[in-house]
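Asker: Mind looking over this structure? Questions follow.
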Amino acid sequence: MVVSSDMQLSLKIESRTEKFILSCDSKSETLSTDVQLTICKAPFEINLIQLKDDSYFGILREKLLWGIDVRNY
């Protein structure tokens, strides 16, 4: 999903249980379903590095086991 950088997304979770787990950037938090989440652009920027022999899709393929016969695991 691609949205404009000035947009805010508001999410309300519907569930059969009273709590859900939010996972973001390797951190997890248990929240109540009556919590409303708002996602917006951060007020700061960060610098990223890209290693010479790595690519975003290569790392994603490796982590999600794309193209690998999972019967061997």
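Quick note on naming: the chains in the structure tokens go A, B, ... in the order shown, residues restart at 1 in each chain, and ligands are numbered from 1 in order of appearance.
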Which polymer residues have any atom within 9 Å of an atom of range 19-21 of chain A, counting only C-alpha atoms, with same-chain residues fewer than 2 positions away left out, as a ChimeraX atom specification?
Answerer: /A:13,15-17,23,28-34
Asker: Residues near Gln8 in chain A, anyone? I mean within 7 Å using only C-alpha atoms, not counting same-chain ones fewer than 3 positions away, as a list in words.
Answerer: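 Within the cut-off, the hits are Thr38, Ile39 and Cys40 of chain A.
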Asker: Determine which residues of chain A receive a DSSP assignment of strand (DSSP E or B), computed from the backbone, and state them as a PyMOL selection string.
Answerer: chain A and resi 9-12+19-24+27-32+36-39
Asker: When DSSP works through the backbone of this structure, what residues of chain A end up as helix (DSSP H, G or I), shown as a ChimeraX atom specification?
Answerer: /A:56-63,70-72
